>>> print(open('upload.txt').read())   # compact mmCIF, C-alpha atoms and all ligand atoms
# COMPACT_ATOMS: atom_id res chain seq x y z
CA MET A 1 0.00 0.00 0.00
CA HIS A 2 1.31 3.41 -0.89
CA LEU A 3 -0.65 4.83 1.95
CA ALA A 4 0.88 8.26 2.27
CA VAL A 5 0.77 8.78 -1.48
CA ALA A 6 -2.85 7.65 -1.67
CA ILE A 7 -3.97 9.94 1.10
CA PHE A 8 -2.06 12.86 -0.35
CA ALA A 9 -3.31 12.24 -3.88
CA SER A 10 -6.91 11.74 -2.84
CA ALA A 11 -6.80 14.97 -0.90
CA LEU A 12 -5.83 16.64 -4.16
CA VAL A 13 -8.02 15.00 -6.78
CA CYS A 14 -10.79 13.28 -4.82
CA THR A 15 -11.40 10.65 -7.49
CA LEU A 16 -9.48 7.64 -6.20
CA ALA A 17 -11.13 4.41 -5.15
CA LEU A 18 -9.89 2.85 -1.92
CA ASP A 19 -6.34 1.97 -2.83
CA ASN A 20 -6.28 -1.66 -1.75
CA GLY A 21 -6.77 -3.17 -5.21
CA LEU A 22 -9.69 -5.27 -3.98
CA MET A 23 -13.14 -5.95 -5.39
CA ARG A 24 -12.63 -4.73 -8.94
CA THR A 25 -15.93 -6.48 -9.62
CA PRO A 26 -18.78 -6.78 -7.09
CA PRO A 27 -17.81 -9.21 -4.31
CA MET A 28 -19.55 -12.58 -4.08
CA GLY A 29 -19.95 -14.93 -1.18
CA TRP A 30 -22.04 -15.69 1.85
CA LEU A 31 -23.01 -13.64 4.90
CA ALA A 32 -24.64 -15.01 8.02
CA TRP A 33 -26.96 -12.24 9.14
CA GLU A 34 -30.30 -12.43 7.32
CA ARG A 35 -30.72 -16.17 7.75
CA TYR A 36 -29.02 -16.81 11.12
CA ARG A 37 -29.29 -13.46 12.92
CA CYS A 38 -28.08 -13.60 16.51
CA ASP A 39 -28.88 -17.24 17.18
CA ILE A 40 -26.35 -18.10 19.88
CA ASP A 41 -28.20 -21.11 21.30
CA CYS A 42 -25.74 -23.79 20.27
CA GLU A 43 -27.08 -26.22 22.82
CA ARG A 44 -30.57 -26.35 21.43
CA ASP A 45 -29.89 -25.26 17.86
CA PRO A 46 -26.39 -26.53 17.08
CA LYS A 47 -26.79 -26.50 13.30
CA ASN A 48 -27.93 -22.89 13.03
CA CYS A 49 -26.23 -21.04 15.84
CA ILE A 50 -23.46 -18.49 15.17
CA SER A 51 -20.42 -20.71 15.68
CA GLU A 52 -17.31 -21.77 13.83
CA ASN A 53 -19.15 -24.91 12.74
CA LEU A 54 -21.71 -22.88 10.81
CA PHE A 55 -19.00 -21.06 8.86
CA LYS A 56 -17.07 -24.27 8.24
CA ASP A 57 -20.22 -25.98 6.98
CA MET A 58 -20.84 -23.12 4.56
CA ALA A 59 -17.20 -23.14 3.45
CA ASP A 60 -17.48 -26.86 2.73
CA ARG A 61 -20.56 -26.29 0.61
CA LEU A 62 -19.02 -23.32 -1.23
CA SER A 63 -15.97 -25.33 -2.13
CA GLU A 64 -17.67 -28.64 -2.89
CA ASP A 65 -20.90 -27.62 -4.61
CA GLY A 66 -19.59 -25.47 -7.42
CA TRP A 67 -19.97 -22.05 -5.78
CA ARG A 68 -16.33 -21.08 -5.39
CA GLU A 69 -15.55 -21.59 -9.07
CA LEU A 70 -18.35 -19.17 -9.93
CA GLY A 71 -16.83 -16.49 -7.70
CA TYR A 72 -18.63 -17.00 -4.39
CA VAL A 73 -15.52 -16.88 -2.20
CA TYR A 74 -16.26 -14.72 0.84
CA VAL A 75 -17.54 -16.44 3.97
CA ASN A 76 -18.60 -13.59 6.22
CA ILE A 77 -19.31 -13.53 9.90
CA ASP A 78 -21.85 -10.93 11.05
CA ASP A 79 -22.89 -9.82 14.54
CA CYS A 80 -22.77 -11.91 17.74
CA TRP A 81 -19.46 -13.67 17.12
CA SER A 82 -17.49 -12.08 19.90
CA SER A 83 -17.15 -12.47 23.57
CA MET A 84 -18.91 -9.84 25.69
CA GLU A 85 -15.51 -8.74 27.05
CA ARG A 86 -12.29 -7.68 25.37
CA ASP A 87 -9.14 -9.55 26.50
CA GLU A 88 -6.55 -8.20 29.01
CA GLN A 89 -4.77 -6.35 26.19
CA GLY A 90 -8.01 -4.69 25.12
CA ARG A 91 -8.45 -6.78 22.00
CA LEU A 92 -11.69 -8.22 20.67
CA GLN A 93 -11.94 -11.96 21.13
CA ALA A 94 -14.29 -14.60 19.76
CA ASP A 95 -16.79 -16.27 22.05
CA PRO A 96 -14.73 -19.18 23.40
CA LYS A 97 -17.61 -21.66 23.50
CA ARG A 98 -18.89 -21.06 20.02
CA PHE A 99 -15.51 -20.39 18.36
CA PRO A 100 -13.17 -22.68 20.33
CA GLY A 101 -10.59 -22.69 17.53
CA GLY A 102 -10.52 -18.90 17.32
CA ILE A 103 -10.84 -16.64 14.31
CA ALA A 104 -7.27 -17.14 13.05
CA ASN A 105 -7.94 -20.87 12.67
CA LEU A 106 -11.22 -20.19 10.93
CA ALA A 107 -9.43 -17.86 8.49
CA ARG A 108 -6.92 -20.61 7.79
CA TYR A 109 -9.78 -23.04 7.16
CA MET A 110 -11.10 -20.65 4.51
CA HIS A 111 -7.74 -19.97 2.91
CA ASP A 112 -6.97 -23.70 2.69
CA ARG A 113 -10.09 -24.00 0.54
CA GLY A 114 -9.47 -21.00 -1.69
CA LEU A 115 -12.02 -18.92 0.24
CA LYS A 116 -11.84 -15.69 2.22
CA LEU A 117 -13.07 -14.80 5.68
CA GLY A 118 -15.03 -11.67 6.53
CA ILE A 119 -15.72 -10.33 10.00
CA TYR A 120 -18.05 -7.76 11.55
CA GLY A 121 -17.49 -4.79 13.82
CA ASP A 122 -19.29 -1.62 14.79
CA MET A 123 -18.12 2.00 14.82
CA GLY A 124 -19.72 2.76 18.16
CA THR A 125 -19.89 1.63 21.73
CA HIS A 126 -21.75 -1.61 20.93
CA THR A 127 -22.74 -3.66 17.89
CA CYS A 128 -26.42 -3.64 16.98
CA GLY A 129 -26.73 -6.93 18.86
CA GLY A 130 -25.12 -5.46 22.01
CA TYR A 131 -21.61 -6.91 21.66
CA PRO A 132 -18.48 -4.78 22.11
CA GLY A 133 -18.13 -2.05 19.51
CA THR A 134 -15.07 -0.19 18.28
CA ASN A 135 -14.67 3.15 19.98
CA LEU A 136 -12.52 5.84 18.37
CA ASP A 137 -9.52 4.96 20.51
CA GLN A 138 -9.79 1.26 19.58
CA ILE A 139 -9.75 1.58 15.79
CA GLU A 140 -6.06 0.80 15.26
CA THR A 141 -6.10 -2.06 17.77
CA ASP A 142 -9.08 -3.71 16.10
CA ALA A 143 -7.71 -3.27 12.57
CA GLN A 144 -4.46 -4.89 13.70
CA THR A 145 -6.30 -7.73 15.45
CA PHE A 146 -8.26 -8.53 12.28
CA ALA A 147 -5.08 -8.41 10.20
CA ASP A 148 -3.23 -10.64 12.69
CA TRP A 149 -6.03 -13.18 12.43
CA GLY A 150 -5.77 -13.23 8.62
CA VAL A 151 -9.21 -11.75 8.04
CA ASP A 152 -9.97 -10.62 4.46
CA MET A 153 -12.92 -8.30 4.89
CA LEU A 154 -14.52 -6.12 7.54
CA LYS A 155 -18.14 -4.99 7.68
CA LEU A 156 -18.23 -1.99 10.00
CA ASP A 157 -21.72 -1.29 11.30
CA GLY A 158 -22.85 1.97 12.91
CA CYS A 159 -25.15 1.20 15.85
CA TYR A 160 -24.69 3.05 19.19
CA SER A 161 -22.84 5.87 17.52
CA ASN A 162 -23.48 9.36 16.22
CA GLU A 163 -22.77 11.48 13.20
CA SER A 164 -19.48 12.93 14.40
CA VAL A 165 -18.08 9.63 15.65
CA GLN A 166 -18.94 8.07 12.29
CA ALA A 167 -17.45 10.96 10.32
CA GLU A 168 -14.19 10.52 12.16
CA GLY A 169 -14.24 6.76 12.64
CA TYR A 170 -15.07 5.38 9.19
CA PRO A 171 -12.20 7.15 7.36
CA ARG A 172 -9.82 6.32 10.21
CA MET A 173 -10.65 2.62 10.03
CA SER A 174 -9.92 2.72 6.30
CA LYS A 175 -6.45 4.10 7.00
CA ALA A 176 -5.90 1.68 9.85
CA LEU A 177 -6.77 -1.32 7.69
CA ASN A 178 -4.43 -0.10 4.95
CA ALA A 179 -1.71 0.49 7.49
CA THR A 180 -1.74 -3.15 8.58
CA GLY A 181 -0.37 -4.06 5.14
CA ARG A 182 -2.89 -6.87 4.82
CA PRO A 183 -5.44 -6.38 2.00
CA ILE A 184 -8.73 -6.20 3.89
CA ALA A 185 -11.87 -5.24 1.99
CA TYR A 186 -13.89 -2.64 3.81
CA SER A 187 -17.69 -2.54 3.93
CA CYS A 188 -19.11 0.62 5.47
CA SER A 189 -22.61 0.87 6.90
CA TRP A 190 -22.05 4.60 7.44
CA PRO A 191 -24.33 5.98 4.67
CA ALA A 192 -27.26 3.81 5.81
CA TYR A 193 -27.06 5.55 9.20
CA GLN A 194 -27.09 8.98 7.53
CA GLY A 195 -30.14 8.46 5.34
CA GLY A 196 -28.24 7.34 2.25
CA LEU A 197 -28.42 10.67 0.39
CA PRO A 198 -26.42 13.87 0.01
CA PRO A 199 -25.74 16.31 1.53
CA LYS A 200 -25.37 14.10 4.61
CA VAL A 201 -23.72 11.35 2.58
CA ASN A 202 -20.63 12.13 0.52
CA TYR A 203 -20.38 9.44 -2.14
CA THR A 204 -17.09 10.72 -3.50
CA GLN A 205 -15.50 10.24 -0.10
CA LEU A 206 -17.09 6.80 0.35
CA GLY A 207 -15.54 5.64 -2.92
CA GLU A 208 -12.16 6.71 -1.61
CA ILE A 209 -12.34 4.94 1.74
CA CYS A 210 -14.68 1.93 1.36
CA ASN A 211 -14.95 -0.95 -1.12
CA LEU A 212 -18.69 -1.20 -0.58
CA TRP A 213 -21.28 0.50 1.53
CA ARG A 214 -24.80 -0.09 2.76
CA ASN A 215 -27.00 2.81 1.64
CA TYR A 216 -30.33 1.69 2.98
CA GLY A 217 -32.18 -0.49 5.51
CA ASP A 218 -31.79 -4.18 6.26
CA ILE A 219 -33.20 -6.82 3.96
CA GLN A 220 -35.72 -9.25 5.45
CA ASP A 221 -37.01 -12.57 4.17
CA SER A 222 -39.92 -11.18 2.16
CA TRP A 223 -40.74 -9.97 -1.33
CA ASP A 224 -41.96 -6.64 0.11
CA SER A 225 -38.50 -6.08 1.51
CA VAL A 226 -36.72 -6.93 -1.75
CA LEU A 227 -39.04 -4.67 -3.73
CA SER A 228 -38.81 -1.70 -1.39
CA ILE A 229 -35.00 -1.89 -1.38
CA SER A 230 -34.84 -2.20 -5.14
CA ASP A 231 -37.25 0.70 -5.58
CA TRP A 232 -35.16 2.92 -3.29
CA PHE A 233 -31.98 2.26 -5.27
CA PHE A 234 -33.61 2.89 -8.66
CA LYS A 235 -35.50 5.94 -7.44
CA ASN A 236 -32.15 7.40 -6.39
CA GLN A 237 -30.15 5.94 -9.26
CA ASP A 238 -28.84 9.28 -10.51
CA ILE A 239 -27.36 9.99 -7.09
CA VAL A 240 -26.03 6.59 -6.03
CA GLY A 241 -25.34 4.99 -9.44
CA PRO A 242 -22.38 7.16 -10.46
CA ALA A 243 -20.67 6.44 -7.12
CA ALA A 244 -20.16 2.78 -8.09
CA GLY A 245 -17.27 1.39 -10.09
CA PRO A 246 -14.40 -1.07 -9.82
CA GLY A 247 -13.39 -1.28 -6.16
CA LYS A 248 -16.40 0.70 -4.87
CA TRP A 249 -19.96 -0.58 -4.80
CA ASN A 250 -23.39 0.34 -3.51
CA ASP A 251 -24.73 -2.51 -1.37
CA PRO A 252 -28.50 -3.12 -1.38
CA ASP A 253 -27.88 -5.95 1.13
CA MET A 254 -27.91 -9.76 0.96
CA LEU A 255 -29.49 -12.18 -1.49
CA ILE A 256 -32.26 -14.04 0.32
CA ILE A 257 -32.79 -16.56 -2.49
CA GLY A 258 -33.09 -20.07 -1.04
CA ASN A 259 -34.96 -19.02 2.10
CA PHE A 260 -38.70 -18.78 2.76
CA GLY A 261 -39.96 -15.42 1.51
CA LEU A 262 -39.58 -15.52 -2.26
CA SER A 263 -41.29 -17.49 -5.02
CA THR A 264 -39.22 -18.77 -7.93
CA ASP A 265 -40.12 -15.73 -10.01
CA GLN A 266 -39.33 -13.35 -7.16
CA SER A 267 -35.99 -15.10 -6.63
CA ARG A 268 -35.15 -14.58 -10.29
CA SER A 269 -36.17 -10.95 -9.92
CA GLN A 270 -33.85 -10.38 -6.98
CA MET A 271 -30.95 -12.00 -8.84
CA ALA A 272 -31.60 -10.04 -12.03
CA LEU A 273 -32.06 -6.66 -10.32
CA TRP A 274 -28.99 -7.14 -8.10
CA ALA A 275 -26.93 -7.94 -11.22
CA ILE A 276 -28.26 -4.83 -12.98
CA MET A 277 -27.30 -2.79 -9.88
CA ALA A 278 -23.74 -4.18 -9.90
CA ALA A 279 -24.51 -5.15 -6.32
CA PRO A 280 -22.38 -7.34 -4.08
CA LEU A 281 -23.78 -10.88 -4.19
CA PHE A 282 -23.68 -12.13 -0.61
CA MET A 283 -26.11 -14.98 -0.10
CA SER A 284 -27.63 -15.44 3.32
CA ASN A 285 -29.19 -18.87 3.17
CA ASP A 286 -28.56 -22.49 4.10
CA LEU A 287 -26.27 -23.97 1.46
CA ARG A 288 -26.59 -27.39 3.17
CA THR A 289 -30.26 -27.72 2.31
CA ILE A 290 -30.86 -25.25 -0.53
CA SER A 291 -33.25 -26.44 -3.25
CA SER A 292 -31.94 -27.18 -6.70
CA GLY A 293 -34.22 -24.46 -8.08
CA ALA A 294 -32.77 -21.73 -5.86
CA ARG A 295 -29.30 -23.00 -6.51
CA ALA A 296 -29.82 -22.85 -10.29
CA ILE A 297 -30.78 -19.16 -9.99
CA LEU A 298 -27.79 -18.29 -7.80
CA GLN A 299 -25.43 -20.29 -10.02
CA ASN A 300 -26.71 -18.92 -13.33
CA LYS A 301 -23.54 -18.25 -15.31
CA ALA A 302 -24.96 -15.63 -17.64
CA ILE A 303 -26.27 -13.53 -14.76
CA ILE A 304 -23.00 -13.88 -12.87
CA ARG A 305 -21.20 -12.78 -15.99
CA ILE A 306 -23.42 -9.70 -16.16
CA SER A 307 -22.91 -9.00 -12.45
CA GLN A 308 -19.16 -9.36 -12.80
CA ASP A 309 -18.73 -7.26 -15.92
CA PRO A 310 -15.26 -5.69 -15.75
CA MET A 311 -16.42 -2.20 -16.72
CA GLY A 312 -18.31 -2.08 -13.42
CA VAL A 313 -20.98 0.41 -14.41
CA GLN A 314 -24.12 0.30 -12.27
CA GLY A 315 -27.29 -0.08 -14.38
CA LYS A 316 -30.50 1.87 -14.16
CA ARG A 317 -34.24 1.84 -14.70
CA LEU A 318 -35.02 3.10 -18.19
CA LEU A 319 -38.78 3.33 -17.89
CA GLN A 320 -41.85 2.35 -15.96
CA ASP A 321 -44.56 1.42 -18.45
CA LYS A 322 -48.17 2.09 -17.54
CA SER A 323 -48.86 -1.64 -18.00
CA GLY A 324 -46.83 -2.31 -14.84
CA ILE A 325 -43.69 -3.42 -16.67
CA ASP A 326 -40.40 -1.73 -15.72
CA VAL A 327 -37.38 -1.88 -18.01
CA TYR A 328 -33.87 -1.91 -16.53
CA TRP A 329 -30.58 -1.68 -18.40
CA ARG A 330 -26.90 -2.06 -17.63
CA PRO A 331 -24.13 -1.21 -20.08
CA LEU A 332 -21.46 -3.91 -20.28
CA SER A 333 -17.95 -4.01 -21.63
CA ASP A 334 -17.30 -4.43 -25.38
CA ASN A 335 -20.61 -2.79 -26.29
CA GLY A 336 -22.74 -5.50 -24.74
CA SER A 337 -25.61 -4.74 -22.41
CA ALA A 338 -28.19 -6.37 -20.17
CA LEU A 339 -31.92 -5.70 -20.13
CA VAL A 340 -34.45 -6.70 -17.50
CA PHE A 341 -38.20 -6.57 -17.96
CA PHE A 342 -39.86 -6.72 -14.55
CA SER A 343 -43.59 -7.06 -13.89
CA ARG A 344 -45.40 -5.35 -11.02
CA ARG A 345 -48.64 -6.99 -12.11
CA ASN A 346 -50.52 -9.61 -10.14
CA ASP A 347 -52.78 -11.15 -12.77
CA MET A 348 -51.00 -13.36 -15.29
CA PRO A 349 -47.92 -13.39 -17.51
CA TYR A 350 -47.95 -10.12 -19.44
CA ARG A 351 -46.89 -10.00 -23.07
CA TYR A 352 -44.87 -6.82 -23.35
CA GLN A 353 -43.94 -5.64 -26.82
CA ILE A 354 -40.93 -3.43 -27.38
CA SER A 355 -38.05 -2.80 -29.78
CA LEU A 356 -34.44 -2.01 -29.01
CA SER A 357 -34.62 1.30 -30.86
CA LYS A 358 -37.39 2.40 -28.48
CA LEU A 359 -34.85 1.75 -25.71
CA ASN A 360 -32.34 3.99 -27.51
CA TYR A 361 -30.19 1.23 -28.99
CA THR A 362 -28.29 2.21 -32.12
CA THR A 363 -28.99 0.82 -35.58
CA GLY A 364 -27.91 -2.76 -36.10
CA ILE A 365 -28.72 -6.41 -35.75
CA TYR A 366 -28.59 -7.77 -32.24
CA LYS A 367 -28.33 -11.25 -30.88
CA MET A 368 -29.96 -11.63 -27.47
CA TYR A 369 -29.73 -14.39 -24.90
CA GLU A 370 -32.51 -14.95 -22.34
CA VAL A 371 -30.60 -15.92 -19.24
CA PHE A 372 -33.17 -18.05 -17.40
CA MET A 373 -34.45 -20.08 -20.35
CA GLY A 374 -31.14 -20.20 -22.20
CA LYS A 375 -32.72 -19.12 -25.47
CA VAL A 376 -31.24 -16.98 -28.18
CA GLY A 377 -33.01 -14.62 -30.55
CA THR A 378 -31.85 -12.18 -33.18
CA VAL A 379 -33.58 -8.86 -33.81
CA GLU A 380 -33.01 -5.66 -35.72
CA ASP A 381 -33.04 -2.53 -33.64
CA THR A 382 -36.42 -1.55 -35.07
CA SER A 383 -38.09 -4.99 -34.91
CA GLU A 384 -40.75 -5.35 -32.31
CA PHE A 385 -40.38 -8.39 -30.09
CA THR A 386 -42.48 -9.73 -27.24
CA VAL A 387 -41.38 -10.86 -23.81
CA SER A 388 -43.77 -12.73 -21.56
CA VAL A 389 -43.19 -11.53 -17.99
CA ASN A 390 -44.68 -13.39 -15.03
CA PRO A 391 -46.25 -11.55 -12.06
CA SER A 392 -43.39 -10.26 -9.84
CA GLY A 393 -41.02 -11.95 -12.26
CA VAL A 394 -38.50 -10.93 -14.86
CA VAL A 395 -37.24 -11.65 -18.33
CA MET A 396 -33.54 -10.91 -18.48
CA LEU A 397 -31.64 -10.52 -21.74
CA TYR A 398 -27.94 -10.37 -22.40
CA VAL A 399 -27.71 -8.24 -25.56
CA PHE A 400 -24.63 -8.91 -27.66
CA PRO A 401 -22.82 -6.06 -29.41
CA PRO A 402 -24.63 -5.08 -32.61
CA VAL A 403 -23.64 -6.20 -36.06
CA LYS A 404 -24.15 -3.53 -38.72
CA HIS A 405 -26.54 -4.42 -41.53
CA ARG A 406 -23.97 -4.50 -44.28
CA GLN A 407 -21.53 -6.67 -42.28
CA PHE A 408 -24.20 -9.22 -41.53
CA HIS A 409 -23.80 -12.41 -43.50
CA GLY A 410 -27.04 -13.76 -42.24
CA ASN A 411 -26.89 -17.49 -41.87
CA ALA A 412 -28.74 -16.78 -38.63
CA LYS A 413 -32.31 -15.93 -39.61
CA LEU A 414 -33.97 -12.85 -38.23
CA HIS A 415 -36.80 -13.71 -35.97
CA GLY A 416 -39.27 -10.96 -35.86
CA PRO A 417 -41.11 -10.74 -33.62
CA ALA A 418 -38.99 -12.89 -31.30
CA HIS A 419 -41.01 -14.68 -28.66
CA PHE A 420 -38.78 -15.68 -25.80
CA HIS A 421 -41.27 -18.20 -24.54
CA HIS A 422 -41.39 -20.09 -27.85
CA HIS A 423 -39.20 -22.90 -29.07
CA ASP A 424 -38.53 -21.62 -32.56
CA LEU A 425 -35.38 -19.72 -31.73
CA ASP A 426 -31.92 -20.06 -33.10
CA ASN A 427 -30.13 -21.71 -30.21
CA ALA A 428 -26.56 -20.88 -31.17
CA ILE A 429 -24.87 -19.02 -28.34
CA PRO A 430 -21.70 -17.34 -29.54
CA PRO A 431 -18.75 -19.54 -28.56
CA GLY A 432 -17.04 -18.67 -25.29
CA PHE A 433 -20.02 -16.76 -23.89
CA LEU A 434 -20.75 -19.08 -20.99
C1 LIG A 501 -27.57 -3.96 11.50
C2 LIG A 501 -27.06 -4.23 10.08
C3 LIG A 501 -27.38 -5.66 9.69
C4 LIG A 501 -26.78 -6.61 10.71
C5 LIG A 501 -27.24 -6.30 12.10
C6 LIG A 501 -26.51 -7.10 13.16
O1 LIG A 501 -28.95 -3.97 11.55
O2 LIG A 501 -27.60 -3.34 9.15
O3 LIG A 501 -26.91 -5.94 8.39
O4 LIG A 501 -25.37 -6.54 10.62
O5 LIG A 501 -27.05 -4.91 12.41
O6 LIG A 501 -26.94 -6.83 14.44
>>> encode(input="upload.txt", output="C-alpha cells")
Amino acid sequence: MHLAVAIFASALVCTLALDNGLMRTPPMGWLAWERYRCDIDCERDPKNCISENLFKDMADRLSEDGWRELGYVYVNIDDCWSSMERDEQGRLQADPKRFPGGIANLARYMHDRGLKLGIYGDMGTHTCGGYPGTNLDQIETDAQTFADWGVDMLKLDGCYSNESVQAEGYPRMSKALNATGRPIAYSCSWPAYQGGLPPKVNYTQLGEICNLWRNYGDIQDSWDSVLSISDWFFKNQDIVGPAAGPGKWNDPDMLIIGNFGLSTDQSRSQMALWAIMAAPLFMSNDLRTISSGARAILQNKAIIRISQDPMGVQGKRLLQDKSGIDVYWRPLSDNGSALVFFSRRNDMPYRYQISLSKLNYTTGIYKMYEVFMGKVGTVEDTSEFTVSVNPSGVVMLYVFPPVKHRQFHGNAKLHGPAHFHHHDLDNAIPPGFL
C-alpha cells in the first residue's frame, strides 16, 4: 500500500477508489446475518447457531458444490461472534464456547479452501446486537487484530454511535486497515445511518475509503422487503449509481434466495435486479439444504457474468410502463448490455412488446440471450419483439454487441417478432459466452 501517497493524492483529486486493489468487480460470497441473525443457542440449535461450525459448513458447501468456481468466495461472519468482554490487552476476542478454535484458525480453514473470511465490527460503543463495539480509541487495535487473524474483509456497522463519531471513525478505520499491510476489503454501513443521500452522505468520499457500503435499511425474508429496497436504489439511481465502479460498490444488502420469503419468479427478480445494480452478491441462506431451483438461480452463469462485468458500471431503470412493466438496463464491456423486464402486475404473464430502438439502442442487428431459459433470438433494432413476464417476475436478456446491416452475413435468420417463450429460436450461443 502506498498509503501516504494515496492519502495525499486523494486529498488533491478526490477521485481515487480505496487503494487496496480489492473488489474490482462486485464481491460474491455468503453472509450469516439475514438467515441466522443472533442465534447463539448452540445447545438447542447446534446446526444454526453463530459458531465456527456454521462457517465451516458453509465453506465446505461453497468449495464442494460449485460455488467457489463461480466467484462465491467470501464467507462472512456478522454480529454476535465475539465475547462480551475484550481480552486483558483490550483486543476483541471470539466467544470461546462457540468459536473454540478462534478466528485465526477459521481464516486458515477458509484460505486452505481457496475462500476468504469476513468479519463484523461496529463504529460505536456496541454492535447492533449489544456486543463490544469499536470506539474511536480502539480503531487501530481492532484493525491490527483482524489483520493478525488473517481476516480478508470487515463490515463496519454503525449502531450506538453518532454522526461525528462516524465521520471521524469510518475514514480512520480505512487508514488503519491499509496500514496493517494486509489487504482487507472494507464494507461501510455509514451511509445507511445517515439516510443514504447527500448532503449528509458524501459518495465521493465513500468511494475513496470503502470498497462497498450499505446505503439503505436491512433486507428481510420477504418480497416486500426486496421490492422496497430495489425501488429505493432505482428511485435514487442518478445519485447513487455514479458512485459505483471497480473497487467501490453500492450494497443493497444480501441475497435471500433459497430461504422462505420468495417465489421462484421473485428469486429470479432479486438476482436479475442485483446484477443490474452491480450489487455485491452475498447470499444469506442455508447452502446445506438449498433447493436445486434456488441453486440454479444463484449459479446462473450468464447472470453472474453480467454482475461481474469488468467495466463495473451500475445499471439503471429506463422506464416504468403504464402496464406495470419496468425496463432496466446495464451497459457492459465491449458494447454488450443487459436488459431486464420486470412485472409489477398480479394477474398473469404479461406479453410486453418493445423494440431495441425504443430503448435507444443504435442501428444494427442484435443477438440476445434470455438468461433463465437459455434461449437466443436475433432482432433488428427496429423490430418489435415480445417478452412474456410473469407476475413479480423478470425476463432478463444479455444483448450482444450489434452487427451492422452491411456486415451481416445472415446465416442466422432474423426472428421478428422474437417470442422468448417459444421454441422456434436459433439456439446458437456465440462460442465462449458461458
Ligand atoms: C444492523 C445491520 C445488519 C446486521 C445487524 C446485526 O442492523 O444493518 O446488516 O449486521 O445490524 O446486528
>>> closest_residue(input="upload.txt", among="A:Asp57, A:Asp253, A:Glu370, A:Asp148", to="ligand LIG 501 (chain A)", atoms="all atoms listed in the file")
A:Asp253
>>> closest_residue(input="upload.txt", among="A:Gly315, A:Pro171, A:Gly324, A:Gly121", to="ligand LIG 501 (chain A)", atoms="only C-alpha atoms and all ligand atoms")
A:Gly121
>>> atom_distance(input="upload.txt", atom1="atom CA of Ser51 of chain A", atom2="atom CA of Arg98 of chain A")
4.6 Å
>>> closest_residue(input="upload.txt", among="A:Gly377, A:Gly241, A:Gly130, A:Gly114", to="ligand LIG 501 (chain A)", atoms="all atoms listed in the file")
A:Gly130
>>> residues_near_point(input="upload.txt", point="(-26.8, -23.4, 3.4)", cutoff="12 Å", atoms="all atoms listed in the file", output="PyMOL selection string")
chain A and resi 29-32+35-36+47-48+54-62+65+67+75+256-259+283-292+294-295
>>> write_last_selection(input="upload.txt", atoms="C-alpha atoms", output="CSV table (one decimal), keeping the file's coordinate frame")
chain,number,residue,atom,x,y,z
A,29,GLY,CA,-20.0,-14.9,-1.2
A,30,TRP,CA,-22.0,-15.7,1.8
A,31,LEU,CA,-23.0,-13.6,4.9
A,32,ALA,CA,-24.6,-15.0,8.0
A,35,ARG,CA,-30.7,-16.2,7.8
A,36,TYR,CA,-29.0,-16.8,11.1
A,47,LYS,CA,-26.8,-26.5,13.3
A,48,ASN,CA,-27.9,-22.9,13.0
A,54,LEU,CA,-21.7,-22.9,10.8
A,55,PHE,CA,-19.0,-21.1,8.9
A,56,LYS,CA,-17.1,-24.3,8.2
A,57,ASP,CA,-20.2,-26.0,7.0
A,58,MET,CA,-20.8,-23.1,4.6
A,59,ALA,CA,-17.2,-23.1,3.4
A,60,ASP,CA,-17.5,-26.9,2.7
A,61,ARG,CA,-20.6,-26.3,0.6
A,62,LEU,CA,-19.0,-23.3,-1.2
A,65,ASP,CA,-20.9,-27.6,-4.6
A,67,TRP,CA,-20.0,-22.0,-5.8
A,75,VAL,CA,-17.5,-16.4,4.0
A,256,ILE,CA,-32.3,-14.0,0.3
A,257,ILE,CA,-32.8,-16.6,-2.5
A,258,GLY,CA,-33.1,-20.1,-1.0
A,259,ASN,CA,-35.0,-19.0,2.1
A,283,MET,CA,-26.1,-15.0,-0.1
A,284,SER,CA,-27.6,-15.4,3.3
A,285,ASN,CA,-29.2,-18.9,3.2
A,286,ASP,CA,-28.6,-22.5,4.1
A,287,LEU,CA,-26.3,-24.0,1.5
A,288,ARG,CA,-26.6,-27.4,3.2
A,289,THR,CA,-30.3,-27.7,2.3
A,290,ILE,CA,-30.9,-25.2,-0.5
A,291,SER,CA,-33.2,-26.4,-3.2
A,292,SER,CA,-31.9,-27.2,-6.7
A,294,ALA,CA,-32.8,-21.7,-5.9
A,295,ARG,CA,-29.3,-23.0,-6.5
>>> residues_around(input="upload.txt", residues="Thr264 of chain A", least_positions_apart="3", cutoff="9 Å", atoms="all atoms listed in the file", output="PDB file with C-alpha atoms, keeping the file's coordinate frame")
ATOM      1  CA  ILE A 257     -32.790 -16.560  -2.490  1.00  0.00           C
ATOM      2  CA  SER A 267     -35.990 -15.100  -6.630  1.00  0.00           C
ATOM      3  CA  ARG A 268     -35.150 -14.580 -10.290  1.00  0.00           C
ATOM      4  CA  SER A 269     -36.170 -10.950  -9.920  1.00  0.00           C
ATOM      5  CA  GLY A 293     -34.220 -24.460  -8.080  1.00  0.00           C
ATOM      6  CA  ALA A 294     -32.770 -21.730  -5.860  1.00  0.00           C
ATOM      7  CA  ILE A 297     -30.780 -19.160  -9.990  1.00  0.00           C
ATOM      8  CA  GLY A 393     -41.020 -11.950 -12.260  1.00  0.00           C
TER       9      GLY A 393
END
>>> residues_near_ligand(input="upload.txt", ligand="ligand LIG 501 (chain A)", cutoff="7 Å", atoms="all atoms listed in the file", output="list of chain:residue names")
A:Trp33, A:Arg37, A:Asp78, A:Asp79, A:Thr127, A:Cys128, A:Gly129, A:Asp157, A:Ser189, A:Gly217, A:Asp218
>>> residues_around(input="upload.txt", residues="Ala279 of chain A", least_positions_apart="3", cutoff="7 Å", atoms="all atoms listed in the file", output="VMD selection string")
chain A and resid 26 249 to 252 274 to 275
>>> closest_residue(input="upload.txt", among="A:Cys159, A:Leu255, A:Ala167, A:Val201", to="Leu298 of chain A", atoms="only C-alpha atoms")
A:Leu255
>>> atom_distance(input="upload.txt", atom1="atom CA of Pro191 of chain A", atom2="atom CA of Trp232 of chain A")
13.8 Å
>>> atom_distance(input="upload.txt", atom1="atom CA of Ser161 of chain A", atom2="atom CA of His126 of chain A")
8.3 Å
>>> residues_around(input="upload.txt", residues="Arg351 of chain A", least_positions_apart="3", cutoff="12 Å", atoms="all atoms listed in the file", output="count of residues only")
23
>>> residues_around(input="upload.txt", residues="Arg317 of chain A", least_positions_apart="6", cutoff="7 Å", atoms="only C-alpha atoms", output="list of chain:residue names")
A:Phe234, A:Val327, A:Tyr328, A:Trp329
